>>> print(open('query.txt').read())   # compact mmCIF, C-alpha atoms and all ligand atoms
# COMPACT_ATOMS: atom_id res chain seq x y z
CA MET P 1380 207.36 190.28 212.16
CA ARG P 1381 203.55 190.15 212.46
CA LYS P 1382 202.31 192.48 215.18
CA PRO P 1383 199.55 190.69 217.08
CA LEU P 1384 196.04 192.08 217.06
CA VAL P 1385 193.64 191.47 219.92
CA ALA P 1386 190.13 192.40 218.85
CA GLY P 1387 187.03 192.51 221.02
CA ASN P 1388 183.66 191.80 219.47
CA TRP P 1389 180.95 193.08 221.79
CA LYS P 1390 178.21 191.58 219.59
CA MET P 1391 174.73 192.77 220.67
CA ASN P 1392 175.96 193.86 224.09
CA GLY P 1393 176.61 197.29 225.46
CA THR P 1394 174.94 200.58 226.20
CA LYS P 1395 176.36 204.03 226.94
CA ALA P 1396 177.36 202.74 230.39
CA SER P 1397 179.70 200.22 228.74
CA LEU P 1398 181.83 203.05 227.39
CA ASN P 1399 183.37 203.15 230.85
CA GLU P 1400 185.03 199.79 230.10
CA LEU P 1401 186.52 201.36 226.99
CA LYS P 1402 187.78 204.26 229.07
CA LEU P 1403 189.42 201.83 231.55
CA LEU P 1404 190.95 199.93 228.65
CA GLY P 1405 192.31 203.12 227.09
CA ASP P 1406 193.89 204.15 230.40
CA ALA P 1407 195.59 200.75 230.79
CA TYR P 1408 196.73 200.38 227.17
CA SER P 1409 200.14 201.88 227.83
CA ALA P 1410 202.72 203.02 225.31
CA GLY P 1411 204.70 199.85 226.07
CA LEU P 1412 201.72 197.63 225.23
CA ARG P 1413 200.84 199.70 222.18
CA ALA P 1414 204.27 199.08 220.72
CA LYS P 1415 203.76 195.33 221.00
CA VAL P 1416 200.05 194.63 220.40
CA ASP P 1417 197.34 196.26 218.31
CA VAL P 1418 193.96 196.48 220.03
CA MET P 1419 190.56 196.83 218.45
CA VAL P 1420 187.07 196.98 219.92
CA ALA P 1421 183.92 196.47 217.86
CA PRO P 1422 181.04 197.84 219.95
CA PRO P 1423 177.44 197.74 218.73
CA ALA P 1424 176.78 200.25 215.94
CA THR P 1425 174.91 202.59 218.30
CA LEU P 1426 178.15 203.25 220.18
CA ILE P 1427 180.67 203.48 217.34
CA PHE P 1428 180.60 207.24 216.87
CA VAL P 1429 181.03 208.11 220.53
CA ALA P 1430 183.46 205.21 221.15
CA ALA P 1431 185.66 206.36 218.26
CA ALA P 1432 185.67 209.92 219.55
CA GLY P 1433 186.56 208.68 223.04
CA ALA P 1434 189.32 206.43 221.71
CA VAL P 1435 191.22 209.24 220.01
CA GLY P 1436 194.75 209.32 221.41
CA THR P 1437 194.43 205.94 223.17
CA GLY P 1438 195.67 203.82 220.26
CA ILE P 1439 192.53 201.67 220.40
CA ILE P 1440 191.02 200.98 216.98
CA ILE P 1441 187.23 201.08 216.84
CA GLY P 1442 185.57 198.72 214.39
CA GLY P 1443 182.15 197.71 213.14
CA GLN P 1444 180.66 194.22 213.43
CA ASP P 1445 179.26 194.04 209.89
CA CYS P 1446 178.65 196.22 206.85
CA HIS P 1447 176.50 196.15 203.75
CA ALA P 1448 178.19 195.55 200.42
CA LYS P 1449 176.71 198.71 198.90
CA VAL P 1450 177.70 202.30 199.71
CA SER P 1451 174.13 203.56 200.22
CA GLY P 1452 170.55 202.87 199.21
CA ALA P 1453 167.21 201.37 200.22
CA HIS P 1454 168.40 198.79 202.75
CA THR P 1455 166.49 199.46 205.95
CA GLY P 1456 168.47 198.73 209.07
CA ASP P 1457 171.78 198.17 207.29
CA LEU P 1458 175.00 200.17 207.55
CA SER P 1459 177.54 200.74 204.81
CA ALA P 1460 181.30 200.67 205.15
CA ALA P 1461 181.23 204.36 204.20
CA MET P 1462 178.99 205.08 207.20
CA LEU P 1463 181.27 203.14 209.54
CA PHE P 1464 184.26 205.06 208.24
CA ASP P 1465 182.38 208.32 208.65
CA SER P 1466 181.63 207.36 212.28
CA GLY P 1467 185.31 206.88 213.04
CA ALA P 1468 185.65 203.12 212.55
CA LYS P 1469 188.91 201.92 211.04
CA ALA P 1470 187.99 198.26 210.63
CA VAL P 1471 185.00 195.98 210.27
CA ILE P 1472 184.32 192.33 211.04
CA VAL P 1473 182.69 190.52 208.11
CA GLY P 1474 181.39 186.97 207.80
CA HIS P 1475 181.10 186.25 211.51
CA SER P 1476 179.43 182.86 211.91
CA GLU P 1477 176.51 184.52 213.70
CA ARG P 1478 175.93 186.63 210.56
CA ARG P 1479 176.42 183.62 208.31
CA THR P 1480 173.83 181.68 210.37
CA ASP P 1481 171.32 184.35 211.40
CA HIS P 1482 171.35 186.21 208.08
CA ALA P 1483 172.20 183.37 205.69
CA GLU P 1484 175.34 185.13 204.50
CA THR P 1485 177.30 183.19 201.88
CA ASP P 1486 181.02 183.35 201.11
CA ALA P 1487 180.13 185.54 198.12
CA ASP P 1488 178.21 187.94 200.37
CA VAL P 1489 181.13 188.08 202.80
CA LYS P 1490 183.59 188.74 199.97
CA ALA P 1491 181.41 191.59 198.66
CA LYS P 1492 181.26 193.11 202.15
CA ALA P 1493 185.03 192.79 202.56
CA GLU P 1494 185.52 194.45 199.17
CA ALA P 1495 183.23 197.29 200.25
CA ALA P 1496 185.27 197.69 203.44
CA LEU P 1497 188.55 197.83 201.52
CA ALA P 1498 187.10 200.37 199.08
CA GLN P 1499 186.45 202.66 202.08
CA GLY P 1500 189.91 202.14 203.55
CA LEU P 1501 188.65 199.94 206.40
CA THR P 1502 190.54 196.82 207.45
CA ALA P 1503 188.32 193.78 206.87
CA ILE P 1504 188.43 191.08 209.52
CA VAL P 1505 187.15 188.08 207.60
CA CYS P 1506 185.79 185.29 209.81
CA VAL P 1507 185.80 181.61 208.91
CA GLY P 1508 185.22 178.42 210.88
CA GLU P 1509 183.70 174.97 210.78
CA THR P 1510 180.65 173.66 212.63
CA ARG P 1511 180.89 170.80 215.09
CA ALA P 1512 179.35 168.39 212.55
CA GLN P 1513 181.93 169.42 209.94
CA ARG P 1514 184.79 168.89 212.39
CA GLU P 1515 183.44 165.50 213.48
CA ALA P 1516 183.19 164.52 209.81
CA GLY P 1517 186.89 165.34 209.39
CA LYS P 1518 186.10 168.30 207.16
CA ALA P 1519 187.38 171.23 209.25
CA LEU P 1520 190.39 171.95 207.03
CA SER P 1521 188.52 171.68 203.74
CA VAL P 1522 185.59 173.80 204.98
CA VAL P 1523 187.85 176.55 206.28
CA ALA P 1524 190.04 176.47 203.15
CA LYS P 1525 186.99 176.88 200.94
CA GLN P 1526 185.67 179.77 203.06
CA VAL P 1527 189.01 181.58 202.95
CA LYS P 1528 189.34 181.13 199.18
CA ALA P 1529 185.83 182.41 198.52
CA SER P 1530 185.47 185.11 201.21
CA VAL P 1531 188.75 187.02 200.98
CA PRO P 1532 188.90 189.67 198.24
CA ASP P 1533 191.19 188.85 195.32
CA GLY P 1534 194.37 190.89 195.29
CA ALA P 1535 193.99 192.02 198.92
CA SER P 1536 197.12 192.94 200.84
CA ALA P 1537 198.13 191.96 204.36
CA ASP P 1538 197.48 195.54 205.49
CA GLU P 1539 193.89 195.39 204.34
CA VAL P 1540 192.72 191.99 205.53
CA VAL P 1541 192.93 190.03 208.77
CA ILE P 1542 191.58 186.47 208.94
CA ALA P 1543 189.82 185.22 212.06
CA TYR P 1544 189.50 181.48 212.53
CA GLU P 1545 186.51 180.92 214.79
CA PRO P 1546 185.23 177.35 215.04
CA VAL P 1547 181.45 177.76 215.34
CA TRP P 1548 181.23 175.16 218.11
CA ALA P 1549 183.83 177.03 220.21
CA ILE P 1550 182.01 180.37 220.21
CA GLY P 1551 180.46 181.20 223.56
CA THR P 1552 180.61 177.57 224.70
CA GLY P 1553 183.77 177.51 226.79
CA LEU P 1554 185.07 174.79 224.46
CA THR P 1555 188.23 175.26 222.41
CA PRO P 1556 189.98 173.04 219.89
CA THR P 1557 193.21 171.41 221.01
CA ILE P 1558 196.34 173.48 220.58
CA ALA P 1559 197.42 171.09 217.81
CA ASP P 1560 194.09 171.54 216.00
CA ILE P 1561 194.35 175.34 216.18
CA ALA P 1562 197.92 175.18 214.84
CA GLU P 1563 196.84 172.87 212.02
CA VAL P 1564 193.98 175.10 210.85
CA HIS P 1565 196.06 178.29 211.05
CA ALA P 1566 198.86 176.69 209.01
CA GLU P 1567 196.30 175.59 206.44
CA ILE P 1568 194.84 179.12 206.23
CA ARG P 1569 198.31 180.53 205.64
CA LYS P 1570 198.85 178.02 202.81
CA VAL P 1571 195.55 178.94 201.21
CA ILE P 1572 196.41 182.66 201.44
CA ALA P 1573 199.81 181.96 199.85
CA ARG P 1574 198.10 180.29 196.89
CA LYS P 1575 195.48 183.04 196.62
CA LEU P 1576 197.46 186.20 197.35
CA GLY P 1577 201.10 185.16 197.10
CA LYS P 1578 203.80 184.20 199.57
CA GLU P 1579 204.60 187.72 200.72
CA ALA P 1580 201.00 188.57 201.62
CA SER P 1581 200.66 185.19 203.31
CA ALA P 1582 203.77 185.71 205.43
CA LYS P 1583 202.53 189.14 206.55
CA MET P 1584 198.80 188.48 206.99
CA ARG P 1585 197.51 188.23 210.53
CA ILE P 1586 195.43 185.18 211.37
CA LEU P 1587 193.50 185.48 214.64
CA TYR P 1588 191.96 182.70 216.68
CA GLY P 1589 188.49 183.22 218.18
CA GLY P 1590 186.16 181.06 220.24
CA SER P 1591 186.12 181.02 224.06
CA VAL P 1592 189.42 182.90 224.41
CA LYS P 1593 189.82 183.82 228.09
CA PRO P 1594 192.63 185.11 230.29
CA GLU P 1595 193.21 181.48 231.37
CA ASN P 1596 193.85 180.03 227.89
CA ALA P 1597 195.08 183.06 225.96
CA LYS P 1598 198.78 182.58 226.56
CA GLU P 1599 198.96 179.04 225.25
CA ILE P 1600 196.89 179.82 222.16
CA LEU P 1601 198.66 183.09 221.38
CA ALA P 1602 202.08 181.45 221.66
CA LEU P 1603 201.43 179.40 218.51
CA GLU P 1604 203.54 180.46 215.55
CA ASP P 1605 200.67 181.04 213.14
CA VAL P 1606 198.32 182.63 215.67
CA ASP P 1607 198.70 186.40 215.38
CA GLY P 1608 196.15 187.50 217.92
CA ALA P 1609 192.63 186.80 219.07
CA LEU P 1610 189.05 187.74 218.30
CA VAL P 1611 187.36 187.80 221.68
CA GLY P 1612 183.64 187.86 222.45
CA GLY P 1613 182.47 187.49 226.06
CA ALA P 1614 185.84 188.18 227.65
CA SER P 1615 186.15 191.51 225.82
CA LEU P 1616 183.21 193.07 227.66
CA LYS P 1617 185.17 193.68 230.86
CA ALA P 1618 188.32 195.77 230.48
CA ALA P 1619 190.15 193.81 233.19
CA ASP P 1620 189.68 190.44 231.43
CA PHE P 1621 190.35 191.85 227.98
CA LEU P 1622 193.52 193.50 229.22
CA LYS P 1623 194.84 190.16 230.50
CA ILE P 1624 194.40 188.71 227.00
CA ILE P 1625 196.16 191.75 225.48
CA GLU P 1626 199.02 191.26 227.90
CA ALA P 1627 199.20 187.57 227.00
CA ALA P 1628 199.74 188.56 223.37
P1 LIG P 1701 183.44 184.16 222.63
O1 LIG P 1701 184.82 184.70 222.94
O2 LIG P 1701 182.37 184.72 223.52
O3 LIG P 1701 183.45 182.67 222.52
O4 LIG P 1701 183.07 184.72 221.17
C1 LIG P 1701 183.99 184.57 220.15
C2 LIG P 1701 183.52 185.36 218.98
O5 LIG P 1701 182.57 184.99 218.33
C3 LIG P 1701 184.22 186.61 218.67
O6 LIG P 1701 183.83 187.10 217.42
>>> encode(input="query.txt", output="structure tokens")
Amino acid sequence: MRKPLVAGNWKMNGTKASLNELKLLGDAYSAGLRAKVDVMVAPPATLIFVAAAGAVGTGIIIGGQDCHAKVSGAHTGDLSAAMLFDSGAKAVIVGHSERRTDHAETDADVKAKAEAALAQGLTAIVCVGETRAQREAGKALSVVAKQVKASVPDGASADEVVIAYEPVWAIGTGLTPTIADIAEVHAEIRKVIARKLGKEASAKMRILYGGSVKPENAKEILALEDVDGALVGGASLKAADFLKIIEAA
């Protein structure tokens, strides 16, 4: 009932030469795969326009990695959701833990960015996740529940928002939570969404797992009932690896 989404977050990686990986991915993303799995790639902002043009007809969705909450104005270095949309992006990641840490983004900031994305017709991929200290203190569920409640726009529909659960300590470390821990957090997120947006939205909303997803572990993680895809960092940079994760979904 929920079509899985496998999304690649290139972070601050990639130059024009990397567009070749996107080309390889587009060639391999066959009609059969397209029918079963949605695929998104969020390249750095410098590549969005040309990546989106190149992705036309391939079925690959191009997304941004962040957006400002305002439509325009004196915010040097920032990009608005309107600009991303204008460049051909159809989605944007908001509230990634690297943004929350490096740019001190709060849940309220993330919510405002997600609202800006929705206002432009972009899908907002809202990221949440606990730190290692929070998990060790037994607070993973409560931290994630609070982030979901405060970061997801009120009244959002399942078509507009995707949640990505990315434990901070699992990102880029090669570490992943146990399968039982992933299942527990995803089930909790779905409960929180049901309380916030209603049962129907909760049943339809896609909840992705992110944090050291690789071809080797993708199948087991993606088989979980409440895991509706993956948000992939390092392993999304090479089309061959990313494709294996797409196939696993
Ligand atoms: P890695 O897959 O490199 O751990 O990164 C995950 C991530 O942060 C995706 O947004």
>>> residues_around(input="query.txt", residues="stretch 1442-1446 of chain P", least_positions_apart="2", cutoff="7 Å", atoms="all atoms listed in the file", output="PyMOL selection string")
chain P and resi 1419-1422+1424+1440+1448+1458-1460+1463+1468-1473+1492
>>> residues_near_ligand(input="query.txt", ligand="ligand LIG 1701 (chain P)", cutoff="8 Å", atoms="all atoms listed in the file", output="NGL selection string")
:P and (1387-1390 or 1475-1477 or 1545 or 1547 or 1549-1553 or 1589-1593 or 1610-1615)
>>> closest_residue(input="query.txt", among="P:Arg1511, P:Arg1478, P:Leu1384, P:Leu1616", to="P:Ser1397", atoms="only C-alpha atoms")
P:Leu1616
>>> axis_aligned_box(input="query.txt", around="stretch 1578-1581 of chain P", padding_each_side="5 Å", output="AutoDock Vina command-line options")
--center_x 202.6 --center_y 186.4 --center_z 201.4 --size_x 13.9 --size_y 14.4 --size_z 13.7
>>> residues_around(input="query.txt", residues="P:Arg1381", least_positions_apart="4", cutoff="8 Å", atoms="all atoms listed in the file", output="CSV table (one decimal) with C-alpha atoms, keeping the file's coordinate frame")
chain,number,residue,atom,x,y,z
P,1583,LYS,CA,202.5,189.1,206.6
P,1584,MET,CA,198.8,188.5,207.0
P,1585,ARG,CA,197.5,188.2,210.5
P,1607,ASP,CA,198.7,186.4,215.4
>>> residues_around(input="query.txt", residues="P:Pro1594", least_positions_apart="2", cutoff="9 Å", atoms="all atoms listed in the file", output="PDB file with C-alpha atoms, in the coordinates of the input")
ATOM      1  CA  VAL P1592     189.420 182.900 224.410  1.00  0.00           C
ATOM      2  CA  ASN P1596     193.850 180.030 227.890  1.00  0.00           C
ATOM      3  CA  ALA P1597     195.080 183.060 225.960  1.00  0.00           C
ATOM      4  CA  LYS P1598     198.780 182.580 226.560  1.00  0.00           C
ATOM      5  CA  ALA P1614     185.840 188.180 227.650  1.00  0.00           C
ATOM      6  CA  ASP P1620     189.680 190.440 231.430  1.00  0.00           C
ATOM      7  CA  PHE P1621     190.350 191.850 227.980  1.00  0.00           C
ATOM      8  CA  LEU P1622     193.520 193.500 229.220  1.00  0.00           C
ATOM      9  CA  LYS P1623     194.840 190.160 230.500  1.00  0.00           C
ATOM     10  CA  ILE P1624     194.400 188.710 227.000  1.00  0.00           C
ATOM     11  CA  ILE P1625     196.160 191.750 225.480  1.00  0.00           C
ATOM     12  CA  ALA P1627     199.200 187.570 227.000  1.00  0.00           C
TER      13      ALA P1627
END
>>> residues_around(input="query.txt", residues="P:Ala1529", least_positions_apart="4", cutoff="10 Å", atoms="all atoms listed in the file", output="ChimeraX atom specification")
/P:1485-1490,1523-1525,1533,1575
>>> write_last_selection(input="query.txt", atoms="C-alpha atoms", output="compact mmCIF listing (two decimals), in the coordinates of the input")
# COMPACT_ATOMS: atom_id res chain seq x y z
CA THR P 1485 177.30 183.19 201.88
CA ASP P 1486 181.02 183.35 201.11
CA ALA P 1487 180.13 185.54 198.12
CA ASP P 1488 178.21 187.94 200.37
CA VAL P 1489 181.13 188.08 202.80
CA LYS P 1490 183.59 188.74 199.97
CA VAL P 1523 187.85 176.55 206.28
CA ALA P 1524 190.04 176.47 203.15
CA LYS P 1525 186.99 176.88 200.94
CA ASP P 1533 191.19 188.85 195.32
CA LYS P 1575 195.48 183.04 196.62
>>> closest_residue(input="query.txt", among="P:Ala1512, P:Val1418, P:Val1564, P:Ala1618", to="P:Ile1441", atoms="all atoms listed in the file")
P:Val1418
>>> residues_near_point(input="query.txt", point="(189.2, 182.3, 210.3)", cutoff="9 Å", atoms="all atoms listed in the file", output="list in words")
Ile1504, Val1505, Cys1506, Val1507, Gly1508, Val1523, Gln1526, Val1527, Val1541, Ile1542, Ala1543, Tyr1544, Glu1545, Pro1546, Val1564, His1565, Ile1568, Ile1586, Leu1587, Tyr1588 and Gly1589 of chain P
>>> atom_distance(input="query.txt", atom1="atom CA of P:Phe1464", atom2="atom CA of P:Thr1437")
18.1 Å
>>> atom_distance(input="query.txt", atom1="atom CA of P:Ala1453", atom2="atom CA of P:Ala1498")
19.9 Å
>>> closest_residue(input="query.txt", among="P:Ala1461, P:Ile1427, P:Ala1516, P:Ile1572", to="P:Ala1495", atoms="only C-alpha atoms")
P:Ala1461
>>> residues_around(input="query.txt", residues="P:Arg1569", least_positions_apart="2", cutoff="8 Å", atoms="only C-alpha atoms", output="ChimeraX atom specification")
/P:1565-1567,1571-1573,1581-1582,1586,1605
>>> closest_residue(input="query.txt", among="P:Gly1438, P:Gly1534, P:Pro1556, P:Gly1452", to="P:Lys1415", atoms="only C-alpha atoms")
P:Gly1438
>>> atom_distance(input="query.txt", atom1="atom CA of P:Leu1404", atom2="atom CA of P:Val1435")
12.7 Å
>>> closest_residue(input="query.txt", among="P:Ala1562, P:Ala1535, P:Leu1426, P:Ala1410", to="P:Ala1503", atoms="only C-alpha atoms")
P:Ala1535
>>> decode(input="query.txt", residues="stretch 1415-1439 of chain P", atoms="N, CA, C and O atoms", output="short mmCIF file (atom, residue, chain, number, x, y, z; two decimals), in the first residue's frame")
data_model
loop_
_atom_site.label_atom_id
_atom_site.label_comp_id
_atom_site.auth_asym_id
_atom_site.auth_seq_id
_atom_site.Cartn_x
_atom_site.Cartn_y
_atom_site.Cartn_z
N LYS P 1415 7.66 -0.23 -8.88
CA LYS P 1415 7.71 -0.76 -7.52
C LYS P 1415 8.33 0.19 -6.49
O LYS P 1415 8.00 0.13 -5.31
N VAL P 1416 9.29 1.01 -6.92
CA VAL P 1416 10.05 1.84 -5.98
C VAL P 1416 10.22 3.25 -6.53
O VAL P 1416 10.60 3.42 -7.70
N ASP P 1417 9.94 4.25 -5.70
CA ASP P 1417 10.26 5.63 -6.09
C ASP P 1417 11.72 5.90 -5.76
O ASP P 1417 12.24 5.40 -4.75
N VAL P 1418 12.37 6.68 -6.60
CA VAL P 1418 13.78 7.00 -6.39
C VAL P 1418 13.99 8.50 -6.45
O VAL P 1418 13.47 9.18 -7.33
N MET P 1419 14.73 9.00 -5.47
CA MET P 1419 15.05 10.41 -5.44
C MET P 1419 16.56 10.58 -5.24
O MET P 1419 17.18 9.76 -4.57
N VAL P 1420 17.11 11.62 -5.83
CA VAL P 1420 18.50 11.97 -5.56
C VAL P 1420 18.54 13.45 -5.21
O VAL P 1420 17.96 14.28 -5.91
N ALA P 1421 19.23 13.76 -4.10
CA ALA P 1421 19.42 15.15 -3.70
C ALA P 1421 20.90 15.50 -3.86
O ALA P 1421 21.72 15.25 -2.97
N PRO P 1422 21.25 16.04 -5.03
CA PRO P 1422 22.65 16.43 -5.26
C PRO P 1422 22.91 17.77 -4.58
O PRO P 1422 21.96 18.40 -4.09
N PRO P 1423 24.15 18.23 -4.55
CA PRO P 1423 24.37 19.58 -4.03
C PRO P 1423 23.63 20.60 -4.90
O PRO P 1423 23.34 20.33 -6.06
N ALA P 1424 23.33 21.75 -4.32
CA ALA P 1424 22.50 22.75 -5.00
C ALA P 1424 23.07 23.17 -6.35
O ALA P 1424 22.31 23.47 -7.27
N THR P 1425 24.39 23.16 -6.46
CA THR P 1425 25.03 23.58 -7.72
C THR P 1425 24.64 22.69 -8.90
O THR P 1425 24.77 23.09 -10.05
N LEU P 1426 24.20 21.47 -8.60
CA LEU P 1426 23.90 20.52 -9.67
C LEU P 1426 22.40 20.31 -9.91
O LEU P 1426 22.02 19.57 -10.82
N ILE P 1427 21.56 20.92 -9.08
CA ILE P 1427 20.13 20.60 -9.15
C ILE P 1427 19.55 20.90 -10.54
O ILE P 1427 18.86 20.06 -11.12
N PHE P 1428 19.83 22.07 -11.04
CA PHE P 1428 19.20 22.48 -12.30
C PHE P 1428 19.56 21.51 -13.43
O PHE P 1428 18.67 21.00 -14.13
N VAL P 1429 20.83 21.23 -13.57
CA VAL P 1429 21.25 20.36 -14.67
C VAL P 1429 20.85 18.90 -14.39
O VAL P 1429 20.46 18.17 -15.30
N ALA P 1430 20.87 18.50 -13.11
CA ALA P 1430 20.46 17.12 -12.77
C ALA P 1430 18.98 16.93 -13.08
O ALA P 1430 18.57 15.90 -13.62
N ALA P 1431 18.17 17.94 -12.75
CA ALA P 1431 16.73 17.83 -12.99
C ALA P 1431 16.44 17.77 -14.50
O ALA P 1431 15.59 16.99 -14.94
N ALA P 1432 17.17 18.55 -15.25
CA ALA P 1432 16.98 18.52 -16.71
C ALA P 1432 17.37 17.15 -17.26
O ALA P 1432 16.67 16.57 -18.10
N GLY P 1433 18.47 16.60 -16.74
CA GLY P 1433 18.95 15.30 -17.20
C GLY P 1433 18.05 14.16 -16.77
O GLY P 1433 18.02 13.10 -17.41
N ALA P 1434 17.31 14.36 -15.67
CA ALA P 1434 16.48 13.28 -15.14
C ALA P 1434 15.11 13.20 -15.79
O ALA P 1434 14.35 12.26 -15.54
N VAL P 1435 14.79 14.20 -16.63
CA VAL P 1435 13.48 14.17 -17.29
C VAL P 1435 13.32 12.87 -18.07
O VAL P 1435 14.22 12.47 -18.81
N GLY P 1436 12.20 12.20 -17.84
CA GLY P 1436 11.93 10.96 -18.57
C GLY P 1436 12.51 9.71 -17.92
O GLY P 1436 12.21 8.59 -18.33
N THR P 1437 13.36 9.89 -16.87
CA THR P 1437 13.95 8.71 -16.22
C THR P 1437 13.11 8.23 -15.04
O THR P 1437 13.32 7.13 -14.54
N GLY P 1438 12.22 9.08 -14.54
CA GLY P 1438 11.45 8.74 -13.35
C GLY P 1438 12.16 9.10 -12.06
O GLY P 1438 11.58 8.98 -10.98
N ILE P 1439 13.41 9.52 -12.14
CA ILE P 1439 14.15 9.90 -10.92
C ILE P 1439 13.70 11.30 -10.49
O ILE P 1439 13.63 12.22 -11.31
#
